[in-house]
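Source file: query19.pdb; contents: PDB, C-alpha atoms.
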ATOM      1  CA  MET A  16     163.901 116.751  93.410  1.00  0.00           C
ATOM      2  CA  VAL A  17     165.820 117.890  90.333  1.00  0.00           C
ATOM      3  CA  ASP A  18     163.656 118.444  87.267  1.00  0.00           C
ATOM      4  CA  GLU A  19     166.333 119.523  84.811  1.00  0.00           C
ATOM      5  CA  THR A  20     170.112 119.558  84.742  1.00  0.00           C
ATOM      6  CA  LEU A  21     172.321 122.071  82.975  1.00  0.00           C
ATOM      7  CA  ASP A  22     175.898 121.020  82.414  1.00  0.00           C
ATOM      8  CA  ALA A  23     177.865 124.277  82.252  1.00  0.00           C
ATOM      9  CA  LYS A  24     181.251 122.697  82.925  1.00  0.00           C
ATOM     10  CA  GLY A  25     184.110 124.405  81.092  1.00  0.00           C
ATOM     11  CA  LEU A  26     182.059 127.517  80.379  1.00  0.00           C
ATOM     12  CA  ASN A  27     183.147 130.912  81.568  1.00  0.00           C
ATOM     13  CA  CYS A  28     181.280 134.059  82.660  1.00  0.00           C
ATOM     14  CA  PRO A  29     178.597 134.958  81.700  1.00  0.00           C
ATOM     15  CA  LEU A  30     177.627 131.723  79.910  1.00  0.00           C
ATOM     16  CA  PRO A  31     176.533 129.673  82.964  1.00  0.00           C
ATOM     17  CA  ILE A  32     174.124 132.477  83.943  1.00  0.00           C
ATOM     18  CA  LEU A  33     172.826 132.992  80.400  1.00  0.00           C
ATOM     19  CA  LYS A  34     172.243 129.270  79.914  1.00  0.00           C
ATOM     20  CA  ALA A  35     170.626 128.920  83.338  1.00  0.00           C
ATOM     21  CA  LYS A  36     168.248 131.768  82.562  1.00  0.00           C
ATOM     22  CA  LYS A  37     167.327 130.133  79.261  1.00  0.00           C
ATOM     23  CA  ALA A  38     166.691 126.809  80.985  1.00  0.00           C
ATOM     24  CA  LEU A  39     164.596 128.420  83.737  1.00  0.00           C
ATOM     25  CA  LYS A  40     162.522 130.230  81.127  1.00  0.00           C
ATOM     26  CA  GLY A  41     161.426 126.926  79.660  1.00  0.00           C
ATOM     27  CA  MET A  42     160.424 125.460  83.031  1.00  0.00           C
ATOM     28  CA  GLU A  43     157.273 125.767  85.085  1.00  0.00           C
ATOM     29  CA  ASP A  44     157.129 127.591  88.412  1.00  0.00           C
ATOM     30  CA  GLY A  45     158.283 125.454  91.314  1.00  0.00           C
ATOM     31  CA  LYS A  46     160.480 123.211  89.162  1.00  0.00           C
ATOM     32  CA  VAL A  47     164.121 122.799  90.134  1.00  0.00           C
ATOM     33  CA  LEU A  48     167.106 123.339  87.867  1.00  0.00           C
ATOM     34  CA  GLU A  49     170.460 121.825  88.723  1.00  0.00           C
ATOM     35  CA  VAL A  50     173.451 123.710  87.303  1.00  0.00           C
ATOM     36  CA  ILE A  51     176.896 122.144  87.254  1.00  0.00           C
ATOM     37  CA  SER A  52     179.726 124.612  86.697  1.00  0.00           C
ATOM     38  CA  THR A  53     183.512 124.735  86.897  1.00  0.00           C
ATOM     39  CA  ASP A  54     183.696 128.535  86.969  1.00  0.00           C
ATOM     40  CA  PRO A  55     184.679 129.682  90.494  1.00  0.00           C
ATOM     41  CA  GLY A  56     183.047 133.043  89.761  1.00  0.00           C
ATOM     42  CA  SER A  57     179.696 131.342  89.312  1.00  0.00           C
ATOM     43  CA  VAL A  58     179.309 130.952  93.092  1.00  0.00           C
ATOM     44  CA  ALA A  59     178.958 134.679  93.711  1.00  0.00           C
ATOM     45  CA  ASP A  60     177.157 135.132  90.401  1.00  0.00           C
ATOM     46  CA  PHE A  61     174.398 132.590  91.017  1.00  0.00           C
ATOM     47  CA  GLU A  62     173.798 134.064  94.481  1.00  0.00           C
ATOM     48  CA  ALA A  63     173.441 137.538  92.948  1.00  0.00           C
ATOM     49  CA  PHE A  64     171.353 136.229  90.056  1.00  0.00           C
ATOM     50  CA  CYS A  65     168.890 134.539  92.383  1.00  0.00           C
ATOM     51  CA  ARG A  66     168.664 137.471  94.796  1.00  0.00           C
ATOM     52  CA  THR A  67     167.928 139.800  91.889  1.00  0.00           C
ATOM     53  CA  THR A  68     165.513 137.663  89.883  1.00  0.00           C
ATOM     54  CA  GLY A  69     163.652 136.164  92.845  1.00  0.00           C
ATOM     55  CA  ASN A  70     164.424 132.577  91.862  1.00  0.00           C
ATOM     56  CA  GLU A  71     165.325 130.513  94.891  1.00  0.00           C
ATOM     57  CA  LEU A  72     168.865 129.228  95.324  1.00  0.00           C
ATOM     58  CA  MET A  73     168.020 126.142  97.362  1.00  0.00           C
ATOM     59  CA  GLU A  74     171.563 124.939  97.861  1.00  0.00           C
ATOM     60  CA  HIS A  75     174.990 124.892  96.371  1.00  0.00           C
ATOM     61  CA  ALA A  76     177.842 122.504  96.851  1.00  0.00           C
ATOM     62  CA  THR A  77     181.511 122.597  95.958  1.00  0.00           C
ATOM     63  CA  GLY A  78     183.831 119.696  95.386  1.00  0.00           C
ATOM     64  CA  ASP A  79     186.838 119.000  93.202  1.00  0.00           C
ATOM     65  CA  GLY A  80     186.556 122.294  91.364  1.00  0.00           C
ATOM     66  CA  VAL A  81     182.943 121.570  90.446  1.00  0.00           C
ATOM     67  CA  TYR A  82     180.137 123.773  91.695  1.00  0.00           C
ATOM     68  CA  THR A  83     176.570 122.510  91.835  1.00  0.00           C
ATOM     69  CA  PHE A  84     173.568 124.772  92.274  1.00  0.00           C
ATOM     70  CA  LEU A  85     169.926 123.900  92.814  1.00  0.00           C
ATOM     71  CA  ILE A  86     167.666 126.705  91.684  1.00  0.00           C
ATOM     72  CA  LYS A  87     163.901 126.650  92.096  1.00  0.00           C
ATOM     73  CA  ARG A  88     162.065 128.630  89.464  1.00  0.00           C
ATOM     74  CA  VAL A  89     159.945 131.190  91.255  1.00  0.00           C
ATOM     75  CA  VAL A  90     159.331 133.819  88.602  1.00  0.00           C
TER      76      VAL A  90
ATOM     77  CA  MET B   9     164.211 143.953  68.475  1.00  0.00           C
ATOM     78  CA  ALA B  10     161.774 146.699  69.389  1.00  0.00           C
ATOM     79  CA  LYS B  11     159.501 145.975  72.274  1.00  0.00           C
ATOM     80  CA  SER B  12     155.801 146.632  72.364  1.00  0.00           C
ATOM     81  CA  VAL B  13     154.445 149.274  74.696  1.00  0.00           C
ATOM     82  CA  GLU B  14     152.926 146.543  76.868  1.00  0.00           C
ATOM     83  CA  GLU B  15     156.302 144.945  77.345  1.00  0.00           C
ATOM     84  CA  THR B  16     158.177 148.097  78.222  1.00  0.00           C
ATOM     85  CA  ILE B  17     155.802 149.446  80.828  1.00  0.00           C
ATOM     86  CA  GLY B  18     155.922 147.919  84.274  1.00  0.00           C
ATOM     87  CA  ASN B  19     158.457 147.836  87.033  1.00  0.00           C
ATOM     88  CA  ALA B  20     161.418 146.349  85.205  1.00  0.00           C
ATOM     89  CA  LYS B  21     164.750 148.027  85.854  1.00  0.00           C
ATOM     90  CA  LYS B  22     166.322 149.561  82.798  1.00  0.00           C
ATOM     91  CA  MET B  23     169.874 149.996  81.566  1.00  0.00           C
ATOM     92  CA  THR B  24     171.505 151.553  78.556  1.00  0.00           C
ATOM     93  CA  ILE B  25     175.020 150.995  77.255  1.00  0.00           C
ATOM     94  CA  ILE B  26     176.708 153.238  74.720  1.00  0.00           C
ATOM     95  CA  CYS B  27     179.112 151.054  72.730  1.00  0.00           C
ATOM     96  CA  THR B  28     181.887 153.032  71.051  1.00  0.00           C
ATOM     97  CA  LYS B  29     184.675 150.531  70.529  1.00  0.00           C
ATOM     98  CA  GLY B  30     185.042 147.947  67.810  1.00  0.00           C
ATOM     99  CA  SER B  31     188.014 145.821  68.792  1.00  0.00           C
ATOM    100  CA  LEU B  32     187.782 142.174  69.818  1.00  0.00           C
ATOM    101  CA  ASP B  33     188.742 142.842  73.445  1.00  0.00           C
ATOM    102  CA  TRP B  34     186.468 145.860  73.913  1.00  0.00           C
ATOM    103  CA  ALA B  35     183.535 144.079  72.302  1.00  0.00           C
ATOM    104  CA  TYR B  36     183.241 141.966  75.452  1.00  0.00           C
ATOM    105  CA  PRO B  37     182.275 144.360  78.274  1.00  0.00           C
ATOM    106  CA  PRO B  38     179.092 145.722  76.657  1.00  0.00           C
ATOM    107  CA  PHE B  39     177.870 142.337  75.430  1.00  0.00           C
ATOM    108  CA  ILE B  40     178.671 140.543  78.701  1.00  0.00           C
ATOM    109  CA  LEU B  41     176.901 143.167  80.796  1.00  0.00           C
ATOM    110  CA  GLY B  42     174.043 143.595  78.332  1.00  0.00           C
ATOM    111  CA  THR B  43     173.228 139.884  78.114  1.00  0.00           C
ATOM    112  CA  THR B  44     173.693 139.311  81.847  1.00  0.00           C
ATOM    113  CA  ALA B  45     171.452 142.247  82.718  1.00  0.00           C
ATOM    114  CA  ALA B  46     168.798 140.902  80.339  1.00  0.00           C
ATOM    115  CA  ALA B  47     169.104 137.491  82.040  1.00  0.00           C
ATOM    116  CA  MET B  48     168.450 139.285  85.333  1.00  0.00           C
ATOM    117  CA  ASP B  49     165.225 140.749  83.936  1.00  0.00           C
ATOM    118  CA  VAL B  50     166.648 144.177  83.177  1.00  0.00           C
ATOM    119  CA  ASP B  51     165.303 145.952  80.119  1.00  0.00           C
ATOM    120  CA  VAL B  52     168.483 146.678  78.128  1.00  0.00           C
ATOM    121  CA  THR B  53     169.154 149.181  75.340  1.00  0.00           C
ATOM    122  CA  MET B  54     172.529 149.197  73.569  1.00  0.00           C
ATOM    123  CA  PHE B  55     173.412 152.207  71.450  1.00  0.00           C
ATOM    124  CA  PHE B  56     176.201 151.610  68.923  1.00  0.00           C
ATOM    125  CA  THR B  57     178.134 154.571  67.654  1.00  0.00           C
ATOM    126  CA  PHE B  58     181.487 155.263  65.987  1.00  0.00           C
ATOM    127  CA  TYR B  59     183.651 152.117  66.043  1.00  0.00           C
ATOM    128  CA  GLY B  60     181.010 150.319  68.065  1.00  0.00           C
ATOM    129  CA  LEU B  61     179.041 149.956  64.815  1.00  0.00           C
ATOM    130  CA  GLU B  62     181.572 147.302  63.856  1.00  0.00           C
ATOM    131  CA  LEU B  63     179.912 145.037  66.433  1.00  0.00           C
ATOM    132  CA  LEU B  64     176.640 145.067  64.513  1.00  0.00           C
ATOM    133  CA  LYS B  65     178.030 143.857  61.207  1.00  0.00           C
ATOM    134  CA  GLU B  66     176.516 140.620  59.972  1.00  0.00           C
ATOM    135  CA  LYS B  67     179.983 139.208  59.449  1.00  0.00           C
ATOM    136  CA  LEU B  68     182.279 140.069  62.320  1.00  0.00           C
ATOM    137  CA  ASN B  69     185.997 140.393  61.778  1.00  0.00           C
ATOM    138  CA  LEU B  70     187.104 141.841  65.098  1.00  0.00           C
ATOM    139  CA  GLN B  71     190.788 142.358  65.755  1.00  0.00           C
ATOM    140  CA  VAL B  72     192.925 143.103  68.767  1.00  0.00           C
ATOM    141  CA  THR B  73     196.188 145.017  68.698  1.00  0.00           C
ATOM    142  CA  PRO B  74     198.999 145.259  71.241  1.00  0.00           C
ATOM    143  CA  LEU B  75     199.936 148.633  69.749  1.00  0.00           C
ATOM    144  CA  GLY B  76     199.588 151.401  72.315  1.00  0.00           C
ATOM    145  CA  ASN B  77     198.428 148.959  74.952  1.00  0.00           C
ATOM    146  CA  PRO B  78     201.214 148.305  77.455  1.00  0.00           C
ATOM    147  CA  ALA B  79     198.830 146.358  79.693  1.00  0.00           C
ATOM    148  CA  MET B  80     198.184 143.693  77.095  1.00  0.00           C
ATOM    149  CA  ALA B  81     200.283 140.711  78.072  1.00  0.00           C
ATOM    150  CA  MET B  82     199.233 137.361  76.668  1.00  0.00           C
ATOM    151  CA  PRO B  83     199.794 134.223  78.733  1.00  0.00           C
ATOM    152  CA  MET B  84     202.357 132.097  76.947  1.00  0.00           C
ATOM    153  CA  GLY B  85     203.983 128.952  78.217  1.00  0.00           C
ATOM    154  CA  GLY B  86     203.336 129.852  81.852  1.00  0.00           C
ATOM    155  CA  MET B  87     204.655 133.379  81.388  1.00  0.00           C
ATOM    156  CA  HIS B  88     203.137 136.635  80.199  1.00  0.00           C
ATOM    157  CA  MET B  89     204.373 138.270  77.072  1.00  0.00           C
ATOM    158  CA  SER B  90     203.828 141.959  76.466  1.00  0.00           C
ATOM    159  CA  MET B  91     204.934 143.704  73.355  1.00  0.00           C
ATOM    160  CA  PRO B  92     206.928 146.887  72.848  1.00  0.00           C
ATOM    161  CA  ASN B  93     205.131 149.278  70.477  1.00  0.00           C
ATOM    162  CA  ILE B  94     207.875 148.946  67.899  1.00  0.00           C
ATOM    163  CA  VAL B  95     207.135 145.224  67.651  1.00  0.00           C
ATOM    164  CA  GLY B  96     203.393 145.844  67.593  1.00  0.00           C
ATOM    165  CA  MET B  97     203.917 147.951  64.471  1.00  0.00           C
ATOM    166  CA  VAL B  98     205.416 145.072  62.504  1.00  0.00           C
ATOM    167  CA  PRO B  99     202.974 143.829  59.861  1.00  0.00           C
ATOM    168  CA  GLY B 100     201.271 140.645  60.972  1.00  0.00           C
ATOM    169  CA  VAL B 101     201.786 141.162  64.697  1.00  0.00           C
ATOM    170  CA  SER B 102     198.232 142.387  65.304  1.00  0.00           C
ATOM    171  CA  ALA B 103     196.855 139.530  63.225  1.00  0.00           C
ATOM    172  CA  GLY B 104     198.961 137.129  65.286  1.00  0.00           C
ATOM    173  CA  ALA B 105     197.742 138.668  68.538  1.00  0.00           C
ATOM    174  CA  THR B 106     194.153 138.315  67.295  1.00  0.00           C
ATOM    175  CA  VAL B 107     194.657 134.622  66.531  1.00  0.00           C
ATOM    176  CA  MET B 108     196.254 134.101  69.949  1.00  0.00           C
ATOM    177  CA  MET B 109     193.387 135.806  71.722  1.00  0.00           C
ATOM    178  CA  LYS B 110     190.752 133.855  69.777  1.00  0.00           C
ATOM    179  CA  ASN B 111     192.517 130.619  70.686  1.00  0.00           C
ATOM    180  CA  LEU B 112     192.593 131.636  74.357  1.00  0.00           C
ATOM    181  CA  ILE B 113     188.901 132.538  74.226  1.00  0.00           C
ATOM    182  CA  LYS B 114     188.085 129.057  72.948  1.00  0.00           C
ATOM    183  CA  LYS B 115     190.396 127.277  75.333  1.00  0.00           C
ATOM    184  CA  LYS B 116     189.008 129.068  78.391  1.00  0.00           C
ATOM    185  CA  GLY B 117     185.356 128.472  77.540  1.00  0.00           C
ATOM    186  CA  VAL B 118     184.716 132.182  76.995  1.00  0.00           C
ATOM    187  CA  ALA B 119     181.786 132.942  74.715  1.00  0.00           C
ATOM    188  CA  SER B 120     182.461 134.303  71.245  1.00  0.00           C
ATOM    189  CA  ILE B 121     181.131 137.766  70.457  1.00  0.00           C
ATOM    190  CA  GLU B 122     178.870 136.133  67.863  1.00  0.00           C
ATOM    191  CA  ASP B 123     177.338 133.966  70.599  1.00  0.00           C
ATOM    192  CA  LEU B 124     176.892 136.849  73.034  1.00  0.00           C
ATOM    193  CA  ARG B 125     175.313 139.001  70.344  1.00  0.00           C
ATOM    194  CA  GLU B 126     172.938 136.175  69.462  1.00  0.00           C
ATOM    195  CA  ALA B 127     172.062 135.854  73.155  1.00  0.00           C
ATOM    196  CA  ALA B 128     171.380 139.593  73.240  1.00  0.00           C
ATOM    197  CA  VAL B 129     169.018 139.296  70.267  1.00  0.00           C
ATOM    198  CA  LEU B 130     167.231 136.316  71.803  1.00  0.00           C
ATOM    199  CA  SER B 131     166.763 138.089  75.123  1.00  0.00           C
ATOM    200  CA  ASP B 132     165.178 141.126  73.453  1.00  0.00           C
ATOM    201  CA  VAL B 133     168.037 143.528  74.053  1.00  0.00           C
ATOM    202  CA  ARG B 134     167.198 146.621  72.051  1.00  0.00           C
ATOM    203  CA  MET B 135     170.087 147.489  69.737  1.00  0.00           C
ATOM    204  CA  ILE B 136     170.261 150.885  68.107  1.00  0.00           C
ATOM    205  CA  ALA B 137     172.743 151.880  65.402  1.00  0.00           C
ATOM    206  CA  CYS B 138     173.683 155.547  65.275  1.00  0.00           C
ATOM    207  CA  GLN B 139     172.445 157.116  62.050  1.00  0.00           C
ATOM    208  CA  MET B 140     175.047 159.870  62.031  1.00  0.00           C
ATOM    209  CA  THR B 141     178.041 157.513  62.272  1.00  0.00           C
ATOM    210  CA  LEU B 142     176.510 155.149  59.716  1.00  0.00           C
ATOM    211  CA  ASP B 143     176.535 158.137  57.339  1.00  0.00           C
ATOM    212  CA  LEU B 144     179.946 159.356  58.445  1.00  0.00           C
ATOM    213  CA  PHE B 145     181.658 156.025  57.816  1.00  0.00           C
ATOM    214  CA  GLU B 146     179.459 155.220  54.801  1.00  0.00           C
ATOM    215  CA  LEU B 147     178.207 152.034  56.398  1.00  0.00           C
ATOM    216  CA  ASP B 148     175.117 150.332  55.065  1.00  0.00           C
ATOM    217  CA  LYS B 149     172.351 148.938  57.278  1.00  0.00           C
ATOM    218  CA  LYS B 150     172.240 146.052  54.779  1.00  0.00           C
ATOM    219  CA  ASP B 151     175.594 144.842  56.132  1.00  0.00           C
ATOM    220  CA  MET B 152     174.306 144.823  59.698  1.00  0.00           C
ATOM    221  CA  ILE B 153     172.332 142.154  61.518  1.00  0.00           C
ATOM    222  CA  GLU B 154     168.573 142.424  61.055  1.00  0.00           C
ATOM    223  CA  ASP B 155     167.589 142.942  64.648  1.00  0.00           C
ATOM    224  CA  ILE B 156     168.629 146.563  64.966  1.00  0.00           C
ATOM    225  CA  GLU B 157     166.934 149.918  64.955  1.00  0.00           C
ATOM    226  CA  ILE B 158     168.360 153.153  63.641  1.00  0.00           C
ATOM    227  CA  GLY B 159     168.398 156.168  65.909  1.00  0.00           C
ATOM    228  CA  GLY B 160     170.257 159.187  67.160  1.00  0.00           C
ATOM    229  CA  ALA B 161     171.265 160.971  70.332  1.00  0.00           C
ATOM    230  CA  ALA B 162     167.673 161.800  71.250  1.00  0.00           C
ATOM    231  CA  THR B 163     166.666 158.142  70.889  1.00  0.00           C
ATOM    232  CA  TRP B 164     169.326 157.189  73.409  1.00  0.00           C
ATOM    233  CA  MET B 165     168.438 160.137  75.695  1.00  0.00           C
ATOM    234  CA  GLU B 166     164.827 159.033  75.905  1.00  0.00           C
ATOM    235  CA  SER B 167     165.913 155.575  77.073  1.00  0.00           C
ATOM    236  CA  ALA B 168     168.648 156.944  79.310  1.00  0.00           C
ATOM    237  CA  LEU B 169     166.289 159.270  81.162  1.00  0.00           C
ATOM    238  CA  GLU B 170     164.068 156.394  82.214  1.00  0.00           C
ATOM    239  CA  SER B 171     166.941 154.039  83.003  1.00  0.00           C
ATOM    240  CA  ASP B 172     168.475 153.099  86.332  1.00  0.00           C
ATOM    241  CA  ILE B 173     171.931 152.501  84.855  1.00  0.00           C
ATOM    242  CA  ASN B 174     173.612 154.219  81.906  1.00  0.00           C
ATOM    243  CA  LEU B 175     177.067 153.065  80.853  1.00  0.00           C
ATOM    244  CA  TYR B 176     179.511 154.394  78.310  1.00  0.00           C
ATOM    245  CA  MET B 177     182.019 151.933  76.941  1.00  0.00           C
TER     246      MET B 177
END
How does the structure come out when it is put into structure tokens?
Amino acid sequence: MVDETLDAKGLNCPLPILKAKKALKGMEDGKVLEVISTDPGSVADFEAFCRTTGNELMEHATGDGVYTFLIKRVV
Amino acid sequence: MAKSVEETIGNAKKMTIICTKGSLDWAYPPFILGTTAAAMDVDVTMFFTFYGLELLKEKLNLQVTPLGNPAMAMPMGGMHMSMPNIVGMVPGVSAGATVMMKNLIKKKGVASIEDLREAAVLSDVRMIACQMTLDLFELDKKDMIEDIEIGGAATWMESALESDINLYM
């Protein structure tokens, strides 16, 4: 289900978004990127990023201060 | 880097940022918003003028000073330390504050300005250096990064008029 994983743990705004965008750019449409972050702000940011860019935020999970996002590349 | 006509036409949202400040702390807002907007498919133009030109120098040596900034309180040993102006005037205090802030930036996983600027270049953010202030401060384009254009107020106006967001920082 996950095609690529981006470990953004320890990185602060806006690095998780910038690195996710870079990763998505190199992927084909329909592929799924998993992003692992420790930045609490990334929850709201990935929602906004996906709403704006049209990429699909399939799910996100939180546990132990770690946030995991599954993003399907749509555009 | 300049974009071709084919790339700039279309339905992309556009934003411009006028960058006027050249201190380490104030270098962040324009580069954070510029790179993030570009990551969200916004066509971004950054116009650097006055002290903002400092941010385009090949070799960055950005400083932060507590002088005249009562809101600047650095976290230190669980507390926050602000500095009376009289202390901020002591030689070496600004340099010390700069070192402290750079250490904090590293420790907290915050990007360096060098990294954000590189990200801006890689995501085709258009960066324009103001010709008039280059002349005024006798700065040389040779000392700046390669990926910039030179322009003036009208260059920014043209972009601003077709933009959805125009910010002054």
Which residues come within 6 Å of stretch 135-138 of chain B, counting all atoms listed in the file, excluding same-chain residues fewer than 6 positions away, as a PDB file with C-alpha atoms, in the coordinates of the input?
ATOM      1  CA  THR B  53     169.154 149.181  75.340  1.00  0.00           C
ATOM      2  CA  MET B  54     172.529 149.197  73.569  1.00  0.00           C
ATOM      3  CA  PHE B  55     173.412 152.207  71.450  1.00  0.00           C
ATOM      4  CA  PHE B  56     176.201 151.610  68.923  1.00  0.00           C
ATOM      5  CA  THR B  57     178.134 154.571  67.654  1.00  0.00           C
ATOM      6  CA  ILE B 156     168.629 146.563  64.966  1.00  0.00           C
ATOM      7  CA  GLU B 157     166.934 149.918  64.955  1.00  0.00           C
ATOM      8  CA  ILE B 158     168.360 153.153  63.641  1.00  0.00           C
ATOM      9  CA  GLY B 159     168.398 156.168  65.909  1.00  0.00           C
ATOM     10  CA  GLY B 160     170.257 159.187  67.160  1.00  0.00           C
TER      11      GLY B 160
END
Contact residues (chain A, partner chain B, 7 Å, only C-alpha atoms) as an MDAnalysis selection string: chainID A and resid 25:30 33 36 64 67:68
Quick one: apply the PyMOL selection byres ((chain B and resi 69) around 12) to the file and drop the selected residues here as a PDB file with C-alpha atoms, in the frame of the given file.
ATOM      1  CA  GLY B  30     185.042 147.947  67.810  1.00  0.00           C
ATOM      2  CA  SER B  31     188.014 145.821  68.792  1.00  0.00           C
ATOM      3  CA  LEU B  32     187.782 142.174  69.818  1.00  0.00           C
ATOM      4  CA  ALA B  35     183.535 144.079  72.302  1.00  0.00           C
ATOM      5  CA  GLU B  62     181.572 147.302  63.856  1.00  0.00           C
ATOM      6  CA  LEU B  63     179.912 145.037  66.433  1.00  0.00           C
ATOM      7  CA  LEU B  64     176.640 145.067  64.513  1.00  0.00           C
ATOM      8  CA  LYS B  65     178.030 143.857  61.207  1.00  0.00           C
ATOM      9  CA  GLU B  66     176.516 140.620  59.972  1.00  0.00           C
ATOM     10  CA  LYS B  67     179.983 139.208  59.449  1.00  0.00           C
ATOM     11  CA  LEU B  68     182.279 140.069  62.320  1.00  0.00           C
ATOM     12  CA  LEU B  70     187.104 141.841  65.098  1.00  0.00           C
ATOM     13  CA  GLN B  71     190.788 142.358  65.755  1.00  0.00           C
ATOM     14  CA  VAL B  72     192.925 143.103  68.767  1.00  0.00           C
ATOM     15  CA  ALA B 103     196.855 139.530  63.225  1.00  0.00           C
ATOM     16  CA  THR B 106     194.153 138.315  67.295  1.00  0.00           C
ATOM     17  CA  VAL B 107     194.657 134.622  66.531  1.00  0.00           C
ATOM     18  CA  LYS B 110     190.752 133.855  69.777  1.00  0.00           C
ATOM     19  CA  SER B 120     182.461 134.303  71.245  1.00  0.00           C
ATOM     20  CA  ILE B 121     181.131 137.766  70.457  1.00  0.00           C
ATOM     21  CA  GLU B 122     178.870 136.133  67.863  1.00  0.00           C
TER      22      GLU B 122
END
Selection as a VMD selection string: residues within 10 Å of (177.5, 154.8, 60.2), counting all atoms listed in the file: chain B and resid 56 to 62 137 to 149 158
Selection near B:Glu166, 12 Å with all atoms listed in the file, sequence-local residues under 3 positions removed, as an MDAnalysis selection string: chainID B and resid 22:24 53 55 159:163 169:171 174
Hey, can you spit out that residue selection with C-alpha atoms as a PDB file, in the coordinates of the input?
ATOM      1  CA  LYS B  22     166.322 149.561  82.798  1.00  0.00           C
ATOM      2  CA  MET B  23     169.874 149.996  81.566  1.00  0.00           C
ATOM      3  CA  THR B  24     171.505 151.553  78.556  1.00  0.00           C
ATOM      4  CA  THR B  53     169.154 149.181  75.340  1.00  0.00           C
ATOM      5  CA  PHE B  55     173.412 152.207  71.450  1.00  0.00           C
ATOM      6  CA  GLY B 159     168.398 156.168  65.909  1.00  0.00           C
ATOM      7  CA  GLY B 160     170.257 159.187  67.160  1.00  0.00           C
ATOM      8  CA  ALA B 161     171.265 160.971  70.332  1.00  0.00           C
ATOM      9  CA  ALA B 162     167.673 161.800  71.250  1.00  0.00           C
ATOM     10  CA  THR B 163     166.666 158.142  70.889  1.00  0.00           C
ATOM     11  CA  LEU B 169     166.289 159.270  81.162  1.00  0.00           C
ATOM     12  CA  GLU B 170     164.068 156.394  82.214  1.00  0.00           C
ATOM     13  CA  SER B 171     166.941 154.039  83.003  1.00  0.00           C
ATOM     14  CA  ASN B 174     173.612 154.219  81.906  1.00  0.00           C
TER      15      ASN B 174
END
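Pairwise distance (atom CA of B:Leu112, atom CA of B:Pro74) equals 15.4 Å.
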Reference answer for the PyMOL selection byres ((chain B and resi 76) around 9), as a list in words: Thr73, Pro74, Leu75, Asn77, Pro78, Ala79, Pro92, Asn93 and Gly96 of chain B
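Interatomic distance, atom CA of A:Leu85 against atom CA of A:Ala23: 13.2 Å.
Counting from atom CA of B:Asp172, the distance to atom CA of B:Ala20 is 9.8 Å.
In this comparison, which uses all atoms listed in the file, the residue of A:Gly45, A:Pro31, A:Gly69, A:Pro55 approaching A:Lys87 most closely is A:Gly45.
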Ref. answer, residues at most 12 Å from (185.8, 118.8, 90.4) with only C-alpha atoms, as a PyMOL selection string: chain A and resi 24-25+51-55+76-83
Long-range neighbours of A:Ala38 as JSON, numbers by chain, 9 Å cut-off, all atoms listed in the file, 6 positions minimum in chain: {"A": [19, 20, 21, 48]}
Residue neighbourhood B:Met177, 10 Å, only C-alpha atoms, exclusion window fewer than 5 positions, as a PyMOL selection string: chain B and resi 25-29+34-35+37-38+56+60
Print the selection's residues with C-alpha atoms to a file, as a CSV table (one decimal), keeping the file's coordinate frame.
chain,number,residue,atom,x,y,z
B,25,ILE,CA,175.0,151.0,77.3
B,26,ILE,CA,176.7,153.2,74.7
B,27,CYS,CA,179.1,151.1,72.7
B,28,THR,CA,181.9,153.0,71.1
B,29,LYS,CA,184.7,150.5,70.5
B,34,TRP,CA,186.5,145.9,73.9
B,35,ALA,CA,183.5,144.1,72.3
B,37,PRO,CA,182.3,144.4,78.3
B,38,PRO,CA,179.1,145.7,76.7
B,56,PHE,CA,176.2,151.6,68.9
B,60,GLY,CA,181.0,150.3,68.1
Answer key for the PyMOL selection byres ((chain B and resi 84) around 12), residues as a PyMOL selection string: chain B and resi 81-83+85-90+105+108-109+111-112
Could you add whatever atoms are missing so that stretch 76-84 of chain B carries N, CA and C atoms, then write the result as a PDB file, in the coordinates of the input?
ATOM      1  N   GLY B  76     200.114 150.370  71.422  1.00  0.00           N
ATOM      2  CA  GLY B  76     199.588 151.401  72.315  1.00  0.00           C
ATOM      3  C   GLY B  76     198.881 150.839  73.518  1.00  0.00           C
ATOM      4  N   ASN B  77     199.079 149.561  73.795  1.00  0.00           N
ATOM      5  CA  ASN B  77     198.428 148.959  74.952  1.00  0.00           C
ATOM      6  C   ASN B  77     199.455 148.207  75.801  1.00  0.00           C
ATOM      7  N   PRO B  78     200.163 148.938  76.662  1.00  0.00           N
ATOM      8  CA  PRO B  78     201.214 148.305  77.455  1.00  0.00           C
ATOM      9  C   PRO B  78     200.690 147.267  78.438  1.00  0.00           C
ATOM     10  N   ALA B  79     199.381 147.307  78.720  1.00  0.00           N
ATOM     11  CA  ALA B  79     198.830 146.358  79.693  1.00  0.00           C
ATOM     12  C   ALA B  79     198.489 145.016  79.056  1.00  0.00           C
ATOM     13  N   MET B  80     198.572 144.937  77.746  1.00  0.00           N
ATOM     14  CA  MET B  80     198.184 143.693  77.095  1.00  0.00           C
ATOM     15  C   MET B  80     199.347 142.715  77.095  1.00  0.00           C
ATOM     16  N   ALA B  81     199.258 141.745  77.997  1.00  0.00           N
ATOM     17  CA  ALA B  81     200.283 140.711  78.072  1.00  0.00           C
ATOM     18  C   ALA B  81     199.593 139.371  77.958  1.00  0.00           C
ATOM     19  N   MET B  82     199.895 138.643  76.900  1.00  0.00           N
ATOM     20  CA  MET B  82     199.233 137.361  76.668  1.00  0.00           C
ATOM     21  C   MET B  82     199.938 136.253  77.439  1.00  0.00           C
ATOM     22  N   PRO B  83     199.157 135.364  78.086  1.00  0.00           N
ATOM     23  CA  PRO B  83     199.794 134.223  78.733  1.00  0.00           C
ATOM     24  C   PRO B  83     200.422 133.312  77.683  1.00  0.00           C
ATOM     25  N   MET B  84     201.650 132.928  77.930  1.00  0.00           N
ATOM     26  CA  MET B  84     202.357 132.097  76.947  1.00  0.00           C
ATOM     27  C   MET B  84     203.327 131.192  77.674  1.00  0.00           C
TER      28      MET B  84
END
